[in-house]
Structure formats: C-alpha cells, structure tokens
Amino acid sequence: MKRRVPKVADLAPLMQFKKPEFNAKRRRLDAALTIEDLRRIAKRRTPKAAFDYTDGSAEAELSIERARQSFRDIEFHPAILRDVSTVDTSCQILGGSSSMPFGIAPTGFTRMMQTEGEYAGSRAAARAGIPFSLSTMGTASIEDVRDANPHGRNWFQLYMWKDRDKSMALVERAAAAGYDTLLVTVDVPVAGARLRDKRNGMSIPPALTPATVLNALPRPQWWIDFLTTEPLAFASLDRWSGTVAELLDTMFDPTVTFDDLAWIKSQWPGELVVKGIQTIADARAVVDLGVDGIILSNHGGRQLDRAPIPFHLLPEVATELGGRTEIILDTGIMSGADIVAAIALGADFTLVGRAYLYGLMAGGEAGVDRAIEILSEQITRTMRLLGVTSLDELSPEHVTQLVRLAPRPAGVRQFS
C-alpha cells in the first residue's frame, strides 16, 4: 500500500467541528440522552432534602425498585419488513386527545424541587399536546395552572380530607376552571414511612440547619431561585409548617370507603378516575361503580413498601376489564420503551411523575421539555423497531414479561 501526504481538501470533510453551545443550561440538557441522565443532573443541582423527597420512596424502597425492574425484565418481539416511515403516537383518552400515550402525573411540593414547578410542567405539557395533572398538594393554584395552560388538558387529583367541605370546594373550583378529569387517589389513608425525608428533616418550608446550609453551598442557583420568588406554600390549602408526614396524617381521612367514592362521582361533572388500584378485586369493584377509568399505581412506591407491581398486574386487569373502563398505568416508568410495553400489554395510557420531575430539577421548564422530548423519541423509535405504525397495532404478542419475582405456590413448605 502506497502512502502519501494527505491533502487539505481530503481532510476538510473529516475536520468539521461541532458548533459550540454557550448556554450552559442548553448544553447540559442537550447532553442528557435518557431520563437517568436527567436524574444525575438533577441530583447535582438540587439540595439533598428536595432531591430525596422526589427520588425516594417508602421504607426499604423495594416497591419502586421492583416496579422499575419489571420494565427491565421484558423481551420485545419485533416484526420485520414493515413500512414504518410514518408513526402515529397519538391516542384518545378520557374523552379527549393526547399527542402521546403519556401525561404528567400529579406531584406535590413541586416548587420545592425547582421554583418554576407546576407552571413549567403545565406549559410544557401544553406545547407537547399531553395532559397535565395538578395535585391537591400542588404549589400552584387551580386557577393559576389553568391560566398557564389555558388551551391544554388539565386534570385535577383529589385527596379526600377529614374536612369534606374543603375537599369538595377544591372539586368545585376545578370544575369551574375547566378541568376535564378528576383523579381520586385512594391509597393514602395515612402517610407511608418515607425514611429519607425523616433522616433529612424534610419540612415545609425547608428547615435551615448547618447540614442544610453546607449541602446548599455548591447549589447556589436553587437557593437564589427559592429566596427570590414567592414563598413555598400549598396554593390550594392553608399554609403549613411541619413535616410532610405530619401534614398527611393531619389532613387525610382513613375512613374513606366505596360509598364516599360514589358520592364524589355524583358531584363531579367530568371524567372520574380512581388512582391507586393494586388488586384485581378493587379494580372490578370501582369499575362496577361506573368510574370512567382506573390508574394501576402503588403511589410510586411511596406508601406501602412491597406493594404489588402495577406493570405485573396490568395484563390480568386488561383481560378482565379492558372493555369496560380505560386503564392507565404509573409507577416505575423511566423510558419510552416502558410506555410502549405498557400499551402493548393493555394500558390505554400512562402517567410519568419522577421522570418529569428529574427534568424540572435539571433545567426548569426547558428540562421538562427535554424529558418529554426524550420519552417521545424513545416511543417513536421503539414502535419503528417493533414494526408498528400506531398504538392500536401494539399487542401482547410484542412483549413478554420475564419472570424474576414469582409467587410461591400456596401450601409449599419452605423447609424440609
């Protein structure tokens, strides 16, 4: 082989440098290719107590790890030689449309994580054409979120309190503000044991201790934003000074029953969905009450540790009830492939909570945009690789759930 001195004309095509990005926020968000990348950025930029409130779950945190592992333990079955030049990710859910098969889940204390909070989430959802859910424990009011997202789909999540009049006053405000769907959360009779929060002394507003100040030193932007914007408060509630667990136990009503659910349904003019279903029997019972949808969820692992895995429960619920109600899945979703798998196994829709919050903490509203963009790109790519062009083409034939945790048969002795 003969060697020669390379010509400048030959080198030029190989020496094209990437245009530099001088905006630091844009640079770090562009470098995030997965939700886990956003999580790592969020952890660096957010004080420990706020990050751990988002990232953590109850007790040993087995429920959230098992939920995420359940999505890792799948096998896809692609079809080949299909024309997938055009892919449609849109769907109909609860009487309206969504550009993608996921929406933003209700999250509490959101402005504690990053000061733009629910405003960032609702505006990003509107741009993406997906629903946004506001929590009873949200830090933006029902009306302010409506104003931030006047033309998008707003859903309101309700906790039943001991003071029923206050609960229903929120429901009336949501209806008056044009929210089209009410999510009634039923898995919080008392607060779960969120040990990270207890160890961090997490309170509302955040308590300043020597450890808090030390942890905040490398994160000045969070404190600048926190101290120069409106004080953190529950915009739909009275102000509170204490721990999160104390607030939940003071407010939430452990006496709520199916009769209360039927009563709420009679008061709400729009679509009604029950969030926190964890058994086939309870799914059947609420569907018999005539609700419009159910959310298979263990509250992101934040209530009962070792709770059922929603993704494992999905196929059985879809087989029995899929024709009678709309089925939504949350807990453990960290990628667009997870969402595609859920739709294939019978979910009509999914909700993402932590995935959106990692984006929020990583870069405010632009970070939420990036989280939605990542999930959307992953959904589209996964569908193409599976050989499908619309969500309706997805079926259980596309996914196998691999066995890791399987129930021990009843009556089998553990020791001989």
# chains A, B, ... in the order shown; residues from 1 in each chain; ligands from 1
>>> residues_around(residues="range 393-396 of chain A", least_positions_apart="2", cutoff="10 Å", atoms="only C-alpha atoms", output="list in words")
Phe76, His77, Pro315, Val340, Ala341, Ala342, Ile343, Ala344, Leu345, Gly346, Met383, Leu386, Gly387, Val388, Thr389, Ser390, Leu391, His398, Val399, Thr400 and Gln401 of chain A
>>> select_by_dssp(residues="range 240-384 of chain A", states="strand (DSSP E or B)", output="PyMOL selection string")
chain A and resi 242-243+252+271-277+293-296+326-329+349-352
>>> write_last_selection(atoms="C-alpha atoms", output="mmCIF file, in the first residue's frame")
data_model
loop_
_atom_site.group_PDB
_atom_site.id
_atom_site.type_symbol
_atom_site.label_atom_id
_atom_site.label_comp_id
_atom_site.auth_asym_id
_atom_site.auth_seq_id
_atom_site.Cartn_x
_atom_site.Cartn_y
_atom_site.Cartn_z
ATOM 1 C CA GLY A 242 -44.158 20.964 59.805
ATOM 2 C CA THR A 243 -43.048 17.707 58.254
ATOM 3 C CA PHE A 252 -56.098 12.684 55.117
ATOM 4 C CA GLU A 271 -64.487 12.161 33.752
ATOM 5 C CA LEU A 272 -63.678 10.412 37.037
ATOM 6 C CA VAL A 273 -60.675 8.131 37.510
ATOM 7 C CA VAL A 274 -59.611 6.177 40.598
ATOM 8 C CA LYS A 275 -55.855 6.270 41.267
ATOM 9 C CA GLY A 276 -54.131 3.674 43.425
ATOM 10 C CA ILE A 277 -55.692 0.377 42.288
ATOM 11 C CA GLY A 293 -61.015 4.942 34.337
ATOM 12 C CA ILE A 294 -58.607 3.371 36.793
ATOM 13 C CA ILE A 295 -54.918 4.009 37.450
ATOM 14 C CA LEU A 296 -52.882 0.961 38.370
ATOM 15 C CA GLU A 326 -59.940 2.979 30.490
ATOM 16 C CA ILE A 327 -56.760 1.680 32.107
ATOM 17 C CA ILE A 328 -53.868 3.981 32.994
ATOM 18 C CA LEU A 329 -50.557 2.806 34.437
ATOM 19 C CA PHE A 349 -52.399 5.480 28.759
ATOM 20 C CA THR A 350 -49.580 6.077 31.235
ATOM 21 C CA LEU A 351 -48.536 8.818 33.666
ATOM 22 C CA VAL A 352 -44.979 9.904 34.467
#
>>> closest_residue(among="A:Ala42, A:Leu94, A:Ala50, A:Val403", to="Asp197 in chain A", atoms="only C-alpha atoms")
A:Ala50
>>> closest_residue(among="A:Arg111, A:Lys19, A:Arg72, A:Arg4", to="Met361 in chain A", atoms="only C-alpha atoms")
A:Arg111
>>> closest_atom_pairs(of="range 91-180 of chain A", to="range 370-377 of chain A", cutoff="9 Å", atoms="only C-alpha atoms", output="Markdown table")
| residue | atom | partner | partner_atom | distance |
| --- | --- | --- | --- | --- |
| A:Met100 | CA | A:Ser376 | CA | 7.2 |
| A:Ala124 | CA | A:Ile372 | CA | 8.1 |
| A:Ala125 | CA | A:Ile372 | CA | 8.2 |
| A:Ala128 | CA | A:Ile372 | CA | 7.6 |
>>> closest_residue(among="A:Glu230, A:Glu116, A:Asp260, A:Asp348", to="Gly363 in chain A", atoms="only C-alpha atoms")
A:Glu116
>>> residues_around(residues="Ile280 in chain A", least_positions_apart="3", cutoff="12 Å", atoms="only C-alpha atoms", output="ChimeraX atom specification")
/A:276-277,283-287,294-296,308,310,312-322
>>> write_last_selection(atoms="C-alpha atoms", output="compact mmCIF listing (two decimals), in the first residue's frame")
# COMPACT_ATOMS: atom_id res chain seq x y z
CA GLY A 276 -54.13 3.67 43.42
CA ILE A 277 -55.69 0.38 42.29
CA ALA A 283 -60.31 -2.76 40.06
CA ARG A 284 -63.51 -4.71 39.48
CA ALA A 285 -65.28 -3.02 42.40
CA VAL A 286 -64.62 0.57 41.28
CA VAL A 287 -65.50 -0.26 37.68
CA ILE A 294 -58.61 3.37 36.79
CA ILE A 295 -54.92 4.01 37.45
CA LEU A 296 -52.88 0.96 38.37
CA PRO A 308 -47.96 -5.18 44.10
CA PRO A 310 -48.57 -2.32 38.70
CA HIS A 312 -47.32 -7.12 36.57
CA LEU A 313 -50.97 -6.53 37.45
CA LEU A 314 -51.71 -4.91 34.08
CA PRO A 315 -52.30 -7.97 31.81
CA GLU A 316 -54.85 -9.55 34.15
CA VAL A 317 -56.74 -6.28 34.65
CA ALA A 318 -56.70 -5.57 30.91
CA THR A 319 -58.02 -9.04 30.11
CA GLU A 320 -60.92 -8.78 32.56
CA LEU A 321 -61.82 -5.08 32.45
CA GLY A 322 -60.27 -3.60 29.34
>>> atom_distance(atom1="CA of Ile142 in chain A", atom2="CA of Pro269 in chain A")
16.6 Å
>>> residues_around(residues="Gly367 in chain A", least_positions_apart="5", cutoff="8 Å", atoms="only C-alpha atoms", output="PyMOL selection string")
chain A and resi 29+358-362
>>> closest_residue(among="A:Thr115, A:Ser167, A:Ser141, A:Ser335", to="Leu227 in chain A", atoms="only C-alpha atoms")
A:Thr115
>>> residues_around(residues="Ile379 in chain A", least_positions_apart="3", cutoff="6 Å", atoms="only C-alpha atoms", output="PyMOL selection string")
chain A and resi 336-337+376+382
>>> write_last_selection(atoms="N, CA, C and O atoms", output="CSV table (one decimal), in the first residue's frame")
chain,number,residue,atom,x,y,z
A,336,GLY,N,-39.3,5.6,27.2
A,336,GLY,CA,-40.4,5.5,26.3
A,336,GLY,C,-40.6,4.0,26.0
A,336,GLY,O,-41.8,3.6,25.7
A,337,ALA,N,-39.6,3.2,26.0
A,337,ALA,CA,-39.8,1.7,25.8
A,337,ALA,C,-40.7,1.2,26.9
A,337,ALA,O,-41.5,0.3,26.6
A,376,SER,N,-40.7,10.9,24.1
A,376,SER,CA,-41.3,10.9,22.8
A,376,SER,C,-40.4,10.2,21.7
A,376,SER,O,-40.9,9.4,20.9
A,382,THR,N,-38.9,3.0,19.4
A,382,THR,CA,-39.3,1.6,19.8
A,382,THR,C,-40.4,1.1,18.9
A,382,THR,O,-40.4,-0.1,18.5
>>> closest_residue(among="A:Glu118, A:Asp330, A:Asp88, A:Asp305", to="Ala193 in chain A", atoms="only C-alpha atoms")
A:Asp305
>>> select_by_dssp(residues="range 26-231 of chain A", states="helix (DSSP H, G or I)", output="JSON, numbers by chain")
{"A": [26, 27, 28, 29, 30, 31, 35, 36, 37, 38, 39, 40, 41, 42, 43, 44, 45, 48, 49, 50, 51, 52, 53, 54, 55, 62, 63, 64, 65, 66, 67, 68, 69, 70, 71, 72, 110, 111, 112, 113, 117, 118, 119, 120, 121, 122, 123, 124, 125, 126, 127, 128, 142, 143, 144, 145, 146, 147, 148, 164, 165, 166, 167, 168, 169, 170, 171, 172, 173, 174, 175, 176, 195, 196, 197, 198, 199, 200, 210, 211, 212, 213, 214, 215, 216, 220, 221, 222, 223, 224, 225, 226, 227]}
>>> atom_distance(atom1="CA of Thr255 in chain A", atom2="CA of Thr107 in chain A")
23.3 Å
>>> atom_distance(atom1="CA of Ala120 in chain A", atom2="CA of Ala366 in chain A")
8.1 Å
>>> residues_around(residues="Val256 in chain A", least_positions_apart="5", cutoff="12 Å", atoms="only C-alpha atoms", output="list in words")
Tyr159, Met160, Trp161, Lys162, Asp163, Arg164, Val184, Thr185, Val186, Asp187, Val188, Pro189, Val190, Leu261, Ala262, Trp263 and Ile264 of chain A
>>> write_last_selection(atoms="N, CA, C and O atoms", output="mmCIF file, in the first residue's frame")
data_model
loop_
_atom_site.group_PDB
_atom_site.id
_atom_site.type_symbol
_atom_site.label_atom_id
_atom_site.label_comp_id
_atom_site.auth_asym_id
_atom_site.auth_seq_id
_atom_site.Cartn_x
_atom_site.Cartn_y
_atom_site.Cartn_z
ATOM 1 N N TYR A 159 -57.267 14.321 47.017
ATOM 2 C CA TYR A 159 -57.207 13.527 48.226
ATOM 3 C C TYR A 159 -58.434 13.875 49.055
ATOM 4 O O TYR A 159 -58.759 15.061 49.225
ATOM 5 N N MET A 160 -59.094 12.857 49.593
ATOM 6 C CA MET A 160 -60.201 13.132 50.496
ATOM 7 C C MET A 160 -59.662 13.448 51.888
ATOM 8 O O MET A 160 -58.898 12.679 52.463
ATOM 9 N N TRP A 161 -60.067 14.626 52.401
ATOM 10 C CA TRP A 161 -59.629 15.058 53.718
ATOM 11 C C TRP A 161 -60.694 14.752 54.756
ATOM 12 O O TRP A 161 -61.843 14.451 54.448
ATOM 13 N N LYS A 162 -60.294 14.908 56.000
ATOM 14 C CA LYS A 162 -61.267 14.780 57.078
ATOM 15 C C LYS A 162 -62.321 15.872 56.984
ATOM 16 O O LYS A 162 -63.478 15.672 57.338
ATOM 17 N N ASP A 163 -61.920 17.043 56.493
ATOM 18 C CA ASP A 163 -62.862 18.135 56.266
ATOM 19 C C ASP A 163 -63.423 17.989 54.847
ATOM 20 O O ASP A 163 -62.831 18.450 53.875
ATOM 21 N N ARG A 164 -64.587 17.345 54.724
ATOM 22 C CA ARG A 164 -65.147 17.055 53.404
ATOM 23 C C ARG A 164 -65.539 18.327 52.662
ATOM 24 O O ARG A 164 -65.486 18.373 51.432
ATOM 25 N N VAL A 184 -59.121 10.620 41.655
ATOM 26 C CA VAL A 184 -59.324 10.442 43.091
ATOM 27 C C VAL A 184 -58.313 9.412 43.592
ATOM 28 O O VAL A 184 -58.367 8.240 43.218
ATOM 29 N N THR A 185 -57.375 9.851 44.421
ATOM 30 C CA THR A 185 -56.342 8.959 44.943
ATOM 31 C C THR A 185 -56.858 8.255 46.191
ATOM 32 O O THR A 185 -57.337 8.900 47.128
ATOM 33 N N VAL A 186 -56.746 6.924 46.214
ATOM 34 C CA VAL A 186 -57.387 6.131 47.266
ATOM 35 C C VAL A 186 -56.395 5.306 48.088
ATOM 36 O O VAL A 186 -56.822 4.469 48.894
ATOM 37 N N ASP A 187 -55.093 5.526 47.900
ATOM 38 C CA ASP A 187 -54.115 4.672 48.602
ATOM 39 C C ASP A 187 -53.346 5.421 49.691
ATOM 40 O O ASP A 187 -52.247 5.017 50.056
ATOM 41 N N VAL A 188 -53.938 6.509 50.221
ATOM 42 C CA VAL A 188 -53.251 7.276 51.266
ATOM 43 C C VAL A 188 -54.173 7.467 52.473
ATOM 44 O O VAL A 188 -54.565 8.595 52.795
ATOM 45 N N PRO A 189 -54.560 6.367 53.163
ATOM 46 C CA PRO A 189 -55.293 6.566 54.409
ATOM 47 C C PRO A 189 -54.409 7.216 55.468
ATOM 48 O O PRO A 189 -54.884 7.974 56.314
ATOM 49 N N VAL A 190 -53.120 6.898 55.431
ATOM 50 C CA VAL A 190 -52.100 7.537 56.267
ATOM 51 C C VAL A 190 -50.846 7.662 55.411
ATOM 52 O O VAL A 190 -50.727 7.043 54.358
ATOM 53 N N LEU A 261 -66.617 7.273 47.455
ATOM 54 C CA LEU A 261 -66.265 7.372 46.045
ATOM 55 C C LEU A 261 -67.502 7.588 45.190
ATOM 56 O O LEU A 261 -67.499 8.422 44.270
ATOM 57 N N ALA A 262 -68.562 6.850 45.481
ATOM 58 C CA ALA A 262 -69.817 7.034 44.734
ATOM 59 C C ALA A 262 -70.361 8.447 44.938
ATOM 60 O O ALA A 262 -70.892 9.064 44.002
ATOM 61 N N TRP A 263 -70.218 8.975 46.149
ATOM 62 C CA TRP A 263 -70.691 10.334 46.434
ATOM 63 C C TRP A 263 -69.883 11.360 45.640
ATOM 64 O O TRP A 263 -70.439 12.294 45.055
ATOM 65 N N ILE A 264 -68.562 11.205 45.595
ATOM 66 C CA ILE A 264 -67.729 12.125 44.807
ATOM 67 C C ILE A 264 -68.135 12.068 43.339
ATOM 68 O O ILE A 264 -68.239 13.099 42.673
#
